[in-house]
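Notes to accompany the following structure.
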Amino acid sequence: MVVLAQSPFGVGVRILVGVCSLLLCPSLALSPCGNFSANGEGEQQRVVVEFHSEVVQNEVIVSFVGYFSSTSRLSFIRAALKQFDASQWEVFPKSNGMAAYPNDFDVVQIHAAWLEEGVKRLEKHPYVKKVTAQRMMTRSLKYVVDPDDDSCPSCSSNHSACSSPGGRFPTAAKGWSDTARHSNRKLQRAFSNQQITDVLQAKALWDLGFTGAGVSVAIFDTGLNAHHPHFKRIKERTDWTDEKTLDDVLGHGTFVAGVIASSKDCFGFAPDADLHVFRVFTNKQVSYTSWFLDAFNYAILKGMVVLNLSIGGPDFMDHPFVDKVWELTANGVILVSAIGNDGPLYGTLNNPADQMDVIGVGGIDYDNHLAKFSSRGMTTWELPGGYGRVKPDIVTYGTSVRGSALRSGCRSLSGTSVASPVVAGAVALLASAVIGTDALNPAAMKQALMLSARRLANHNLFEQGPGKLDLLAAYHLLRDFQPQATLSPPYVDMTECPYMWPFCEQPLYHSAMPLLVNVTILNSMGVTGRITSAPRWEPFVAENGHVLDVAFAYSATLWPWSGYLALSVSVNQAGRAFDGVAQGQVTLTVESPSQPGDKENRRSTLTLPLRVRVVATPPRHRRLLWDQFHNLRYPPGYFPRDNLRMKNDALDWNGDHVHTNFRDLFASLRDNGYYVEVLGAPLTCFDADNYGTLLLVDTEEEFFPAEVDKLRRDVEGGLALLVIADWYNVSVMHKVKFFDENTRQWWLPDTGGSNVPALNELLAPFGVAFGDSVLEGDFSLAGHAMHYASGSALHRLPPDASVFTASLSNLGDEMLTGKAVKADGVAILALLYNQTAPASGRVALYGDSNCLDSAHLQKDCFWLLQALLQYTHHGVVPSGIPFRPASELSLERGPLPTRMSGNQLHRYSRVIENAQGGLRPAPPCPSWAWAKPHPVNATQISMPAHRAASAEDVLLPPRLPSEDERPWLLVVAMAAVLLVLVAVFRQLKQLRQARTQKLRRSTSGRVLT
């Protein structure tokens, strides 16, 4: 029990329980480092999931507006393609469980010569909703020794005790002799070897008669063997692949099923749940979008209650998949999905766990620390103009969790694909307690988990969401649950750090870009709903609320079960010199249609408390503007990584935001007293007089001509400019091509690491241009060790520019020819200032962003950025850097880099609309319709309670000791009784001695008398 950690005696018992489990479980063997193993397996393992998606050539998924028979669907396709010869296309017949049922899609193969025209004709048919590429998904499951596994305390004194190759803790062993550290490591391992159901106190619900009975659970994974001894209710096994087998040979599906519903050895949460096993991956770990779509349809048809999906990927624009997930939850399926194993980087959420209607699960360890591998928020759907949503929705134990091994026995694994079935099993158990009530729908279950979650200390909301799973508190809440609407986060408090990071990281002030907050609305009153009227802003009169302006954007319809409320918060003129806290609240009402038994529509009134830290407007030289508008990311286009050496992840998909992969840079700037604002609109949409320096970092987007002109005028008027570029080389871009996504051909990057041709056009008025050399190498700068990773060199500079040169390697030539080529004296850093115009701003340029980007950080150069800002703001040239005048250098004078012929950037660009470079209309600059304030005479804001009652406070039967614990608890009890008896005997002995002495004194007196 968790409560044992509260006393030294409890700690001792918990360690003993871990030892007992080793002694009393004959199916488990002890490895040399004290790890559990099953069937001969050794160390604790973490599941490393690599997910890749690529298109199937000439195959498309035709989605229809409804469900139709196979005959009707075929007639629609024939009508659309009637101009084509029948030999030019083919509809693949379904040979899975959906063959006998109406369906809403088909897979069609069209001859390559007619593919584009065929797609157009299909899209014009009135019964066709959408035509998209068929995708092949490859998931690579690797079981690796967990680098955070601390299960070998004996290594502190004897490294040879570890038998794994090379020794597992060559450096971590230092300092293990420290008693506290040694105890903590041993305690974590001992506790993690318990049953996960014991840790979360599932037995309390079992003792109440709830065991998952009556709940259908769908497991989408690698299958399950029919006669596995751990399972007593395998209701159905189906195969959706082309291998026509139902068995699991990889073990992942078996493990997931065990965590959810195992009935022996390593127990699952809902042993009496009906398991429906959907085998959607082949033995080679390959799947197709169409397999998932058919399997999802079958899950809806069969009335699944809970569905676990321990997969994910970065592509939230896989429309058939995303749409089908919405349809699943709209049909009442509670979908639980892993948030991803791409931590500790921010902006790494996986789909579908990042969808509002899905329960996205992150992982923690047994010390209640967020697992390093667990992906972090925010969502990146909304960038660049908006702001991401809060995820994950819940976190739970995802390290060293015990589950069913492939044939029998148990094994331990780590990963969010492990944490997901922990939550799915808990949900199945909870669902069995509320069958037939309003509490059994996707929103209600998600609300119960989130409202009862227990917050982790020292972790922010983009790491943990509302907190860790509290199973008993969730049951306590569901027991008397009333359908309602709720908000996530339930409040915004810019004074509460670290939980409210990044909102608490930087105060707000007059003339700043508005603070953007994206709040998720969950609505358990019905699958559809609406906000009845515009939300109200209610500033608190006595709490300075009058200095705030608030604007809203929100979902016109809440479906399925959810929607959004976006807030823009600004400090008005009245707050120009204000320094303090301003408070108020937002109120809104959500309405859903009535349900059977209701006399009227269901309504729920919500309040979002708002507390804002306000400061007086900082001086101009302390204000920085980050250009977000010109940062592009996957999806939808192929934008490659900035570091070409990172071959395991070719895509740039983290958003390039100061709160995602540039988070460490943001923290460094704040620590040095800078205020960083984000511009999600073109460069024509900000007042340059408010800012000291504009930051253009790793830009991929094109620029409007009006932006080029305005930036020139802004710099002439005193705005400083700091540009950080990245690699660009057309030949290298051809080298890193791959066959993927909607192009149905080899897919080429649409830019390099940055869009150097567009950047050069922006910088042309200053006489500056970057070249197309791709450079890397180590060098020293002002006493700092530096690494240049896939950067570019400066190609043109004004003669009076100050330049730093370095000797590097030409990575581009190495990739193209296979030979490393030395590049001596290349210009990579430059400072510019127009001496003839003293009022103009300064310009600083550097050719590589990798030292600022947490996604590829090897050696950070935050110090260099601080030094460059001292130059742009105050004219202080960084000391210790050997700058030379550009006039002394022999810079390249050849042609500038050009855009790659045939690139598809126009498909994803907000600036150009066709391959010829034609411009789109410039988007209007943001304008905010500030809500009319409705002042409230409240004296202090009331924030919602953020911590549910702990498990010890829930009025349920206490957890009984497990079979493994009982012998040791008996030993402890006997020892305690023995101690009491010893104490009693000592007390009796002391009383007897005292009585004897008294008698002696009395006798002595009589004798003397």
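By order in the structure tokens, chains are A, B, ...; within a chain, residues start at 1; ligands start at 1, following the order shown.
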
Inset, instruction - Any chance you could list, as a ChimeraX atom specification, the residues in segment 531-600 of chain A that come up helix (DSSP H, G or I) when DSSP is run on the backbone? - result: /A:541-543,545-547,573-575

Legend entry - Contacts of Asp714 of chain A within 12 Å, only C-alpha atoms, excl. fewer than 6 positions in-chain, as a PyMOL selection string: chain A and resi 683-694+707-708+720-721+765+839-843

Inset, instruction - For Pro384 of chain A, please output as a list in words all residues within 7 Å (counting only C-alpha atoms; exclusion window: fewer than 3 positions along the same chain). - result: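 The filter keeps Gln628, Phe629 and Gly680 of chain A.
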
Inset, instruction - May I have the residues within 10 Å of Phe267 of chain A as an NGL selection string, using only C-alpha atoms and disregarding those fewer than 6 positions away in the same chain? - result: :A and (195-198 or 202 or 230-231 or 258-261 or 402-404 or 410)

For the selection you just gave me, I'd like the residues written to a file as a tab-separated table (two decimals), in the first residue's frame, keeping C-alpha atoms.
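Saved file again.tsv follows:
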```
chain	number	residue	atom	x	y	z
A	195	GLN	CA	1.40	-6.43	-8.55
A	196	ILE	CA	0.32	-3.27	-10.32
A	197	THR	CA	-3.20	-4.04	-9.11
A	198	ASP	CA	-1.93	-3.95	-5.52
A	202	ALA	CA	-7.83	-2.77	-7.21
A	230	HIS	CA	-3.86	-16.22	-17.41
A	231	PHE	CA	-7.17	-15.49	-19.14
A	258	GLY	CA	-2.50	-9.35	-19.10
A	259	VAL	CA	-2.29	-5.92	-17.52
A	260	ILE	CA	-5.96	-5.45	-18.34
A	261	ALA	CA	-7.48	-8.83	-17.54
A	402	ARG	CA	4.49	-6.77	-14.47
A	403	GLY	CA	2.28	-8.43	-17.04
A	404	SER	CA	1.70	-11.72	-18.80
A	410	CYS	CA	5.20	-12.92	-16.06
```

Legend entry - Computed interatomic separation between atom CA of Asp598 of chain A and atom CA of Ala213 of chain A (Å): 28.7 Å

Inset, instruction - Extract, using only C-alpha atoms, all DNA, RNA and protein residues at most 9 Å from Leu891 of chain A, discarding same-chain residues fewer than 2 positions from it, and format them as a PyMOL selection string. - result: chain A and resi 794-797+826-827+886-887+889+893

Expected file contents, prior selection, all heavy atoms, as an mmCIF file, in the first residue's frame:
```
data_model
loop_
_atom_site.group_PDB
_atom_site.id
_atom_site.type_symbol
_atom_site.label_atom_id
_atom_site.label_comp_id
_atom_site.auth_asym_id
_atom_site.auth_seq_id
_atom_site.Cartn_x
_atom_site.Cartn_y
_atom_site.Cartn_z
ATOM 1 N N LEU A 794 27.755 31.670 -44.414
ATOM 2 C CA LEU A 794 27.371 32.955 -44.995
ATOM 3 C C LEU A 794 28.069 33.128 -46.342
ATOM 4 O O LEU A 794 29.279 32.943 -46.465
ATOM 5 C CB LEU A 794 27.742 34.084 -44.040
ATOM 6 C CG LEU A 794 26.837 34.132 -42.795
ATOM 7 C CD1 LEU A 794 27.529 34.825 -41.637
ATOM 8 C CD2 LEU A 794 25.523 34.827 -43.140
ATOM 9 N N HIS A 795 27.275 33.472 -47.341
ATOM 10 C CA HIS A 795 27.736 33.511 -48.721
ATOM 11 C C HIS A 795 28.046 34.935 -49.171
ATOM 12 O O HIS A 795 28.968 35.163 -49.952
ATOM 13 C CB HIS A 795 26.634 32.909 -49.606
ATOM 14 C CG HIS A 795 27.028 32.660 -51.016
ATOM 15 N ND1 HIS A 795 27.781 31.573 -51.401
ATOM 16 C CD2 HIS A 795 26.743 33.352 -52.150
ATOM 17 C CE1 HIS A 795 27.956 31.608 -52.709
ATOM 18 N NE2 HIS A 795 27.340 32.674 -53.191
ATOM 19 N N ARG A 796 27.263 35.882 -48.679
ATOM 20 C CA ARG A 796 27.470 37.291 -49.014
ATOM 21 C C ARG A 796 27.304 38.131 -47.762
ATOM 22 O O ARG A 796 26.417 37.881 -46.946
ATOM 23 C CB ARG A 796 26.477 37.763 -50.072
ATOM 24 C CG ARG A 796 26.686 37.151 -51.441
ATOM 25 C CD ARG A 796 25.671 37.677 -52.436
ATOM 26 N NE ARG A 796 25.818 37.016 -53.736
ATOM 27 C CZ ARG A 796 25.004 37.207 -54.770
ATOM 28 N NH1 ARG A 796 23.959 38.031 -54.647
ATOM 29 N NH2 ARG A 796 25.201 36.574 -55.915
ATOM 30 N N LEU A 797 28.154 39.156 -47.634
ATOM 31 C CA LEU A 797 28.092 40.072 -46.505
ATOM 32 C C LEU A 797 28.573 41.450 -46.946
ATOM 33 O O LEU A 797 29.407 41.563 -47.852
ATOM 34 C CB LEU A 797 28.986 39.575 -45.359
ATOM 35 C CG LEU A 797 28.496 38.360 -44.558
ATOM 36 C CD1 LEU A 797 29.620 37.812 -43.698
ATOM 37 C CD2 LEU A 797 27.292 38.738 -43.703
ATOM 38 N N VAL A 826 35.415 29.073 -43.181
ATOM 39 C CA VAL A 826 34.052 29.361 -43.625
ATOM 40 C C VAL A 826 33.404 30.334 -42.639
ATOM 41 O O VAL A 826 33.568 30.230 -41.420
ATOM 42 C CB VAL A 826 33.210 28.085 -43.756
ATOM 43 C CG1 VAL A 826 33.698 27.255 -44.919
ATOM 44 C CG2 VAL A 826 33.232 27.269 -42.479
ATOM 45 N N ALA A 827 32.678 31.293 -43.177
ATOM 46 C CA ALA A 827 32.014 32.325 -42.362
ATOM 47 C C ALA A 827 30.718 31.759 -41.796
ATOM 48 O O ALA A 827 29.819 31.381 -42.552
ATOM 49 C CB ALA A 827 31.744 33.557 -43.209
ATOM 50 N N ALA A 886 34.607 41.665 -43.105
ATOM 51 C CA ALA A 886 34.255 40.841 -44.267
ATOM 52 C C ALA A 886 35.098 41.198 -45.470
ATOM 53 O O ALA A 886 35.329 40.355 -46.350
ATOM 54 C CB ALA A 886 32.773 41.008 -44.582
ATOM 55 N N SER A 887 35.581 42.432 -45.520
ATOM 56 C CA SER A 887 36.395 42.861 -46.664
ATOM 57 C C SER A 887 37.709 42.092 -46.752
ATOM 58 O O SER A 887 38.333 42.050 -47.818
ATOM 59 C CB SER A 887 36.678 44.366 -46.556
ATOM 60 O OG SER A 887 37.343 44.663 -45.341
ATOM 61 N N LEU A 889 37.954 38.879 -46.248
ATOM 62 C CA LEU A 889 37.674 37.479 -46.561
ATOM 63 C C LEU A 889 37.392 37.294 -48.032
ATOM 64 O O LEU A 889 36.921 38.216 -48.713
ATOM 65 C CB LEU A 889 36.469 36.989 -45.746
ATOM 66 C CG LEU A 889 36.571 37.110 -44.219
ATOM 67 C CD1 LEU A 889 35.269 36.644 -43.579
ATOM 68 C CD2 LEU A 889 37.753 36.300 -43.690
ATOM 69 N N ARG A 893 31.357 34.088 -54.400
ATOM 70 C CA ARG A 893 30.649 35.069 -55.216
ATOM 71 C C ARG A 893 29.774 34.401 -56.265
ATOM 72 O O ARG A 893 29.278 35.045 -57.170
ATOM 73 C CB ARG A 893 31.665 35.992 -55.916
ATOM 74 C CG ARG A 893 32.502 36.817 -54.946
ATOM 75 C CD ARG A 893 31.650 37.731 -54.095
ATOM 76 N NE ARG A 893 32.450 38.493 -53.139
ATOM 77 C CZ ARG A 893 31.943 39.296 -52.203
ATOM 78 N NH1 ARG A 893 30.627 39.416 -52.102
ATOM 79 N NH2 ARG A 893 32.735 39.941 -51.377
#
```

Legend entry - Nearest to His125 of chain A, chosen from A:Phe704, A:Trp501, A:Phe76, A:Tyr366, with only C-alpha atoms counted in the distances: A:Phe76

Inset, instruction - May I have the residues within 10 Å of Ser909 of chain A as a ChimeraX atom specification, using only C-alpha atoms and disregarding those fewer than 6 positions away in the same chain? - result: /A:630,632,637,700-702,919-920

Show me a table, sorted first by chain and then by increasing residue number, of the residues of segment 632-687 of chain A having an atom at most 12 Å from segment 802-813 of chain A, each with its shortest atom pair and the distance in Å to one decimal, counting only C-alpha atoms and written as JSON lines.
```
{"residue": "A:Asn643", "atom": "CA", "partner": "A:Leu811", "partner_atom": "CA", "distance": 10.7}
{"residue": "A:Leu644", "atom": "CA", "partner": "A:Leu811", "partner_atom": "CA", "distance": 8.7}
{"residue": "A:Arg645", "atom": "CA", "partner": "A:Leu811", "partner_atom": "CA", "distance": 9.4}
```

What are the closest atom pairs, with distances in Å to one decimal, for all residues of segment 385-419 of chain A lying within 6 Å of segment 455-466 of chain A? Consider only C-alpha atoms, order rows by chain and residue number, and present the result as a tab-separated table.
```
residue	atom	partner	partner_atom	distance
A:Val390	CA	A:Phe462	CA	5.8
A:Lys391	CA	A:Gly465	CA	5.5
A:Pro392	CA	A:Gly465	CA	5.0
A:Asp393	CA	A:Gly465	CA	5.2
A:Ile394	CA	A:Gly465	CA	5.9
A:Val395	CA	A:Gln464	CA	6.0
```

Output of the above residues as a tab-separated table (two decimals), in the first residue's frame, restricted to C-alpha atoms:
```tsv
chain	number	residue	atom	x	y	z
A	390	VAL	CA	-3.04	20.38	-22.43
A	391	LYS	CA	-2.10	16.71	-22.61
A	392	PRO	CA	-1.67	14.03	-21.27
A	393	ASP	CA	-5.06	13.45	-19.68
A	394	ILE	CA	-3.73	11.16	-16.96
A	395	VAL	CA	-0.43	9.57	-15.96
```

Inset, instruction - Figure out the distance between atom CA of Val423 of chain A and atom CA of Val401 of chain A, please, to one decimal in Å. - result: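 We find that atom CA of Val401 of chain A and atom CA of Val423 of chain A lie 12.4 Å from each other.
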
Inset, instruction - Identify which of the residues A:Ile110, A:Leu345, A:Val527, A:Met98 lies closest to Asn297 of chain A, counting only C-alpha atoms when measuring atom-to-atom distances. - result: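 Residue with the minimum atom-to-atom distance to Asn297 of chain A: A:Met98.
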
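For the choices A:Val678, A:Val217, A:Ile334, A:Leu115, the atom-to-atom distance to Gly385 of chain A is smallest for A:Val678 when using only C-alpha atoms.
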
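Residue nearest Gly360 of chain A, chosen from A:Ser310, A:Ser408, A:Gln285, A:Asn729 and counting only C-alpha atoms: A:Ser310.
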
Legend entry - Proximity to Gln83 of chain A - best of A:Gly118, A:Gly753, A:Pro882, A:Gly347, only C-alpha atoms: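 Under the stated criterion, the closest residue is A:Gly118.
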
Inset, instruction - Point out the residue among A:Glu776, A:Asp860, A:Asp652, A:Glu538 with the least atom-to-atom distance to Asp315 of chain A, counting only C-alpha atoms. - result: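 Of A:Glu776, A:Asp860, A:Asp652, A:Glu538, the one nearest Asp315 of chain A is A:Asp652, counting only C-alpha atoms.
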
Legend entry - DSSP strand (DSSP E) selection over segment 594-729 of chain A, as an MDAnalysis selection string: chainID A and resid 602:614 623:627 675:679 693:697 720:724

Convert the current residue selection to file output with N, CA and C atoms, as a CSV table (one decimal), in the first residue's frame.
```csv
chain,number,residue,atom,x,y,z
A,602,ARG,N,-30.3,19.2,-21.1
A,602,ARG,CA,-29.3,19.2,-20.0
A,602,ARG,C,-28.4,20.4,-20.1
A,603,ARG,N,-28.2,21.0,-19.0
A,603,ARG,CA,-27.4,22.3,-19.0
A,603,ARG,C,-26.3,22.2,-17.9
A,604,SER,N,-25.2,22.8,-18.1
A,604,SER,CA,-24.1,22.8,-17.1
A,604,SER,C,-23.4,24.2,-17.2
A,605,THR,N,-23.4,24.9,-16.1
A,605,THR,CA,-22.7,26.2,-16.1
A,605,THR,C,-21.3,26.1,-15.5
A,606,LEU,N,-20.4,26.6,-16.2
A,606,LEU,CA,-19.0,26.4,-15.9
A,606,LEU,C,-18.3,27.8,-15.5
A,607,THR,N,-17.4,27.7,-14.6
A,607,THR,CA,-16.6,28.9,-14.2
A,607,THR,C,-15.1,28.5,-14.4
A,608,LEU,N,-14.4,29.4,-15.1
A,608,LEU,CA,-12.9,29.3,-15.2
A,608,LEU,C,-12.2,30.4,-14.5
A,609,PRO,N,-11.7,30.2,-13.3
A,609,PRO,CA,-11.0,31.2,-12.6
A,609,PRO,C,-9.7,31.6,-13.3
A,610,LEU,N,-9.4,32.9,-13.3
A,610,LEU,CA,-8.2,33.4,-14.0
A,610,LEU,C,-7.5,34.3,-13.1
A,611,ARG,N,-6.2,34.0,-12.9
A,611,ARG,CA,-5.3,34.8,-12.0
A,611,ARG,C,-4.1,35.2,-12.9
A,612,VAL,N,-3.8,36.4,-13.1
A,612,VAL,CA,-2.8,36.9,-14.0
A,612,VAL,C,-1.8,37.7,-13.3
A,613,ARG,N,-0.5,37.4,-13.4
A,613,ARG,CA,0.6,38.2,-12.9
A,613,ARG,C,0.9,39.3,-13.9
A,614,VAL,N,0.8,40.6,-13.5
A,614,VAL,CA,1.0,41.7,-14.3
A,614,VAL,C,2.2,42.5,-13.8
A,623,ARG,N,12.6,43.2,-24.5
A,623,ARG,CA,11.5,42.5,-25.2
A,623,ARG,C,11.9,41.9,-26.5
A,624,LEU,N,11.7,40.6,-26.6
A,624,LEU,CA,12.1,39.8,-27.8
A,624,LEU,C,10.8,39.3,-28.5
A,625,LEU,N,10.8,39.2,-29.8
A,625,LEU,CA,9.7,38.7,-30.6
A,625,LEU,C,10.1,37.5,-31.3
A,626,TRP,N,9.5,36.4,-31.1
A,626,TRP,CA,9.8,35.1,-31.7
A,626,TRP,C,8.9,34.9,-32.9
A,627,ASP,N,9.4,34.7,-34.1
A,627,ASP,CA,8.6,34.5,-35.3
A,627,ASP,C,8.2,33.0,-35.4
A,675,TYR,N,12.0,39.1,-21.9
A,675,TYR,CA,10.6,38.8,-22.1
A,675,TYR,C,10.4,38.3,-23.6
A,676,VAL,N,9.9,37.1,-23.7
A,676,VAL,CA,9.8,36.5,-25.1
A,676,VAL,C,8.3,36.4,-25.5
A,677,GLU,N,7.9,37.1,-26.6
A,677,GLU,CA,6.6,37.0,-27.1
A,677,GLU,C,6.6,36.3,-28.4
A,678,VAL,N,5.5,35.7,-28.8
A,678,VAL,CA,5.4,34.8,-29.9
A,678,VAL,C,4.5,35.4,-31.0
A,679,LEU,N,4.9,35.6,-32.2
A,679,LEU,CA,4.2,36.1,-33.3
A,679,LEU,C,3.7,35.0,-34.2
A,693,THR,N,14.5,43.1,-30.3
A,693,THR,CA,15.1,42.2,-31.3
A,693,THR,C,14.0,41.2,-31.8
A,694,LEU,N,14.0,41.0,-33.1
A,694,LEU,CA,13.1,40.0,-33.7
A,694,LEU,C,14.0,38.8,-34.0
A,695,LEU,N,13.5,37.6,-33.5
A,695,LEU,CA,14.2,36.3,-33.6
A,695,LEU,C,13.6,35.5,-34.8
A,696,LEU,N,14.4,35.3,-35.8
A,696,LEU,CA,14.1,34.4,-36.9
A,696,LEU,C,14.9,33.1,-36.8
A,697,VAL,N,14.4,32.0,-36.3
A,697,VAL,CA,15.1,30.8,-36.0
A,697,VAL,C,14.6,29.7,-36.8
A,720,ALA,N,16.3,45.5,-33.9
A,720,ALA,CA,17.4,44.6,-34.2
A,720,ALA,C,16.9,43.3,-34.7
A,721,LEU,N,17.7,42.6,-35.4
A,721,LEU,CA,17.4,41.4,-36.1
A,721,LEU,C,18.4,40.3,-35.8
A,722,LEU,N,17.9,39.1,-35.3
A,722,LEU,CA,18.8,38.0,-35.0
A,722,LEU,C,18.3,36.8,-35.8
A,723,VAL,N,19.2,36.3,-36.8
A,723,VAL,CA,18.8,35.3,-37.7
A,723,VAL,C,19.6,34.0,-37.4
A,724,ILE,N,19.0,32.9,-37.2
A,724,ILE,CA,19.7,31.6,-37.0
A,724,ILE,C,19.2,30.7,-38.1
```
